[in-house]
Amino acid sequence: MIQKTTGKCVSDWITEFDSLLKKEKSSSNTDRLKELSFLLGFDKTFQNPYVVMRKKAGELYLKGMNCSKELKSGELTDWNGWIKVQTVPIEPEATNHKAMVISEIDPDVLVLQEVEDKTSLDEFNNSILPKFNCAPFSECVLTPNSEGKGREQALLLKNGYQLESIKIHTIDDSGSATQELLEYEIQSPKGQSIHLLSSYFYENKFDKEKAFEIRKKQAYQVSVIYKMLQMRGKINIVVAGTLNAPSYCNSLAPLLQKTDLKDICKNKTFNVDFDEGKDATYFRLGAYRMGVNIRQEDYLLLSPALFLNVKSSGLNRKGVWPEKRPNWRIYSSIWNMEHAASLHPGVWGEMLL
C-alpha cells in the first residue's frame, strides 16, 4: 500500500510540474517548481557544461567529455531529470561533413564563425578532424562576443603559425546585438607578421533598413582599422568573415570600394566546381562569379601585397545543401539540409610569404 501511494504521489508531482512549466512565470509558480524539483530529486544536478546525448538501439545515453563510460537512462542509473539545452541539436553527419570540407582544404590558419563553445570546438579539433586525415590544430582559440546568441568566433593554427596577440574592436554603437571585430596578429614560420581581421556583420531579415545602416557603420569601422594598420607599415592584412550582404550592396561600400582590399574570388587562381547544367554559363547578380551562382555573403579580402602573392585559391561548397537551383556537386552522404556541413561555403587561399 505504501509503495502504491508513493508511486501515485510521484505521478501527481510530475503532472503538476509539467503543468506549471506551461504557465506564465510568477513567484508562486517558481517556488512551487523548486519544491517539486526537490521532491522529485531534480535538485541533484551535475555541473557539466558539455555532454553528448546518443541514441543506441532505441535507448538514450549520456556522455560527458571526460567520462570513460556512457550512462544509460533508466531507474538503475538514476538518470531521470532535466537538462538545460543551450543550442539546438546538431546531426553527427553535419559535423562530419564540416570536418570533410576542412580536411580537403587543410589550412594552416583557419577562421571559424558561429561556434557554440570552446569544449565542442576542442572535441571537433582533437577527435573529429583526425578521423578524416586532418591533423589537429596546435592552437585553438575561441573568443566570446557580446551578441549573446552562442555564435562565437574561433582561430585555429598549425604547422608553425603562432598567435602573437588578439585585439577586440567594438564596431557598432547602435545598441543592437552585434559582434565585435577580432584583430589577430599571427607570426608565420619564417617570422613574418600577418594581421587577420575576423568580422561577422549584422543581419536582420525583418528590418532590412536597420540592418543596412548598422552594416554600413561596421564596414566603415573595419575600413578605418585596416587603413590604420597600413599607416603603421603593415602589408600582410586579411579581412575575413560573413558580411551578410552581396558585393554590390552599398552597405559594404566603405570596405569594398573605399579601400584597396582585393576579393580573393577575383584572383586568377580562384577555382571552384561550376553549377550543373545551363547555370554553368550564367552569372547571377550578387554571385561569386559566372557559374558559381550562390549569393556571396562570405568574404576573404586581401591587402594588395598578399593578393599578388596568391599561389592558389578557391571555394569548397561540397558540404552546402542546394535547396533549389542552381545545383552543384556535393558529398554523396548528404541527403538533406540537416546533413549539410553549413549554410556557408569554405573560402580559402594559399599565399607565398
# chains A, B, ... in the order shown; residues from 1 in each chain; ligands from 1
>>> residues_around(residues="A:Phe17", least_positions_apart="5", cutoff="10 Å", atoms="only C-alpha atoms", output="list in words")
Ser11, Asp12, Lys22, Asn29, Arg32, Leu33, Lys34, Glu35, Leu36, Ser37 and Leu40 of chain A
>>> residues_around(residues="A:Ala280", least_positions_apart="5", cutoff="7 Å", atoms="only C-alpha atoms", output="number ranges by chain")
A: 274-275, 290-291
>>> write_last_selection(atoms="N, CA and C atoms", output="PDB file, in the first residue's frame")
ATOM      1  N   PHE A 274      31.855  24.330 -60.986  1.00  0.00           N
ATOM      2  CA  PHE A 274      30.763  25.135 -61.527  1.00  0.00           C
ATOM      3  C   PHE A 274      29.406  24.488 -61.266  1.00  0.00           C
ATOM      4  N   ASP A 275      28.365  25.308 -61.393  1.00  0.00           N
ATOM      5  CA  ASP A 275      27.000  24.799 -61.292  1.00  0.00           C
ATOM      6  C   ASP A 275      26.741  23.780 -62.399  1.00  0.00           C
ATOM      7  N   MET A 290      30.696  33.897 -62.558  1.00  0.00           N
ATOM      8  CA  MET A 290      29.914  33.121 -63.522  1.00  0.00           C
ATOM      9  C   MET A 290      30.044  31.625 -63.225  1.00  0.00           C
ATOM     10  N   GLY A 291      28.900  30.954 -63.188  1.00  0.00           N
ATOM     11  CA  GLY A 291      28.899  29.519 -62.939  1.00  0.00           C
ATOM     12  C   GLY A 291      28.951  29.141 -61.481  1.00  0.00           C
TER      13      GLY A 291
END
>>> select_by_dssp(residues="stretch 94-234 of chain A", states="helix (DSSP H, G or I)", output="PyMOL selection string")
chain A and resi 94-105+118-132+208-231
>>> residues_around(residues="stretch 232-240 of chain A", least_positions_apart="5", cutoff="9 Å", atoms="only C-alpha atoms", output="compact mmCIF listing (two decimals) with C-alpha atoms, in the first residue's frame")
# COMPACT_ATOMS: atom_id res chain seq x y z
CA VAL A 111 38.83 31.08 -39.07
CA GLN A 192 56.59 37.36 -40.96
CA SER A 193 53.66 39.18 -39.36
CA ILE A 194 50.09 38.72 -40.63
CA HIS A 195 47.14 40.78 -39.39
CA LEU A 196 43.82 38.97 -39.69
CA LEU A 197 40.57 40.87 -39.11
CA SER A 198 37.71 38.44 -38.44
CA SER A 199 34.31 40.08 -38.83
CA TYR A 200 30.69 38.95 -38.66
CA VAL A 222 36.65 47.97 -40.28
CA TYR A 226 42.52 48.43 -41.96
CA LYS A 227 43.86 51.84 -43.03
CA LEU A 261 41.34 45.42 -50.41
CA ASP A 298 31.32 35.26 -47.07
CA TYR A 299 34.50 37.11 -47.97
CA LEU A 300 38.25 36.68 -47.96
CA LEU A 301 39.68 40.14 -48.64
CA LEU A 302 43.42 40.65 -49.05
CA SER A 303 45.76 43.60 -48.98
CA PRO A 304 47.49 44.22 -52.36
CA ALA A 305 50.76 42.60 -51.22
CA LEU A 306 49.02 39.38 -50.24
CA LEU A 353 55.07 34.65 -47.70
>>> closest_residue(among="A:Val272, A:Met231, A:Ala253, A:Leu142", to="A:Lys118", atoms="only C-alpha atoms")
A:Leu142
>>> select_by_dssp(residues="stretch 248-314 of chain A", states="strand (DSSP E)", output="count of residues only")
21
>>> residues_around(residues="stretch 348-350 of chain A", least_positions_apart="4", cutoff="7 Å", atoms="only C-alpha atoms", output="list of chain:residue names")
A:Val310, A:Lys311, A:Ser312, A:Ser313, A:Gly314, A:Leu315
>>> residues_around(residues="stretch 162-169 of chain A", least_positions_apart="5", cutoff="10 Å", atoms="only C-alpha atoms", output="ChimeraX atom specification")
/A:109,138-141,143,145,155-157,179-189,191,193-199,221-222,225
>>> residues_around(residues="stretch 131-134 of chain A", least_positions_apart="3", cutoff="7 Å", atoms="only C-alpha atoms", output="PyMOL selection string")
chain A and resi 99-100+103+106+128
>>> residues_around(residues="A:Ala177", least_positions_apart="6", cutoff="12 Å", atoms="only C-alpha atoms", output="VMD selection string")
chain A and resid 145 to 151 170 to 171 200 to 204 211 214
>>> atom_distance(atom1="atom CA of A:Asn159", atom2="atom CA of A:Leu110")
11.8 Å
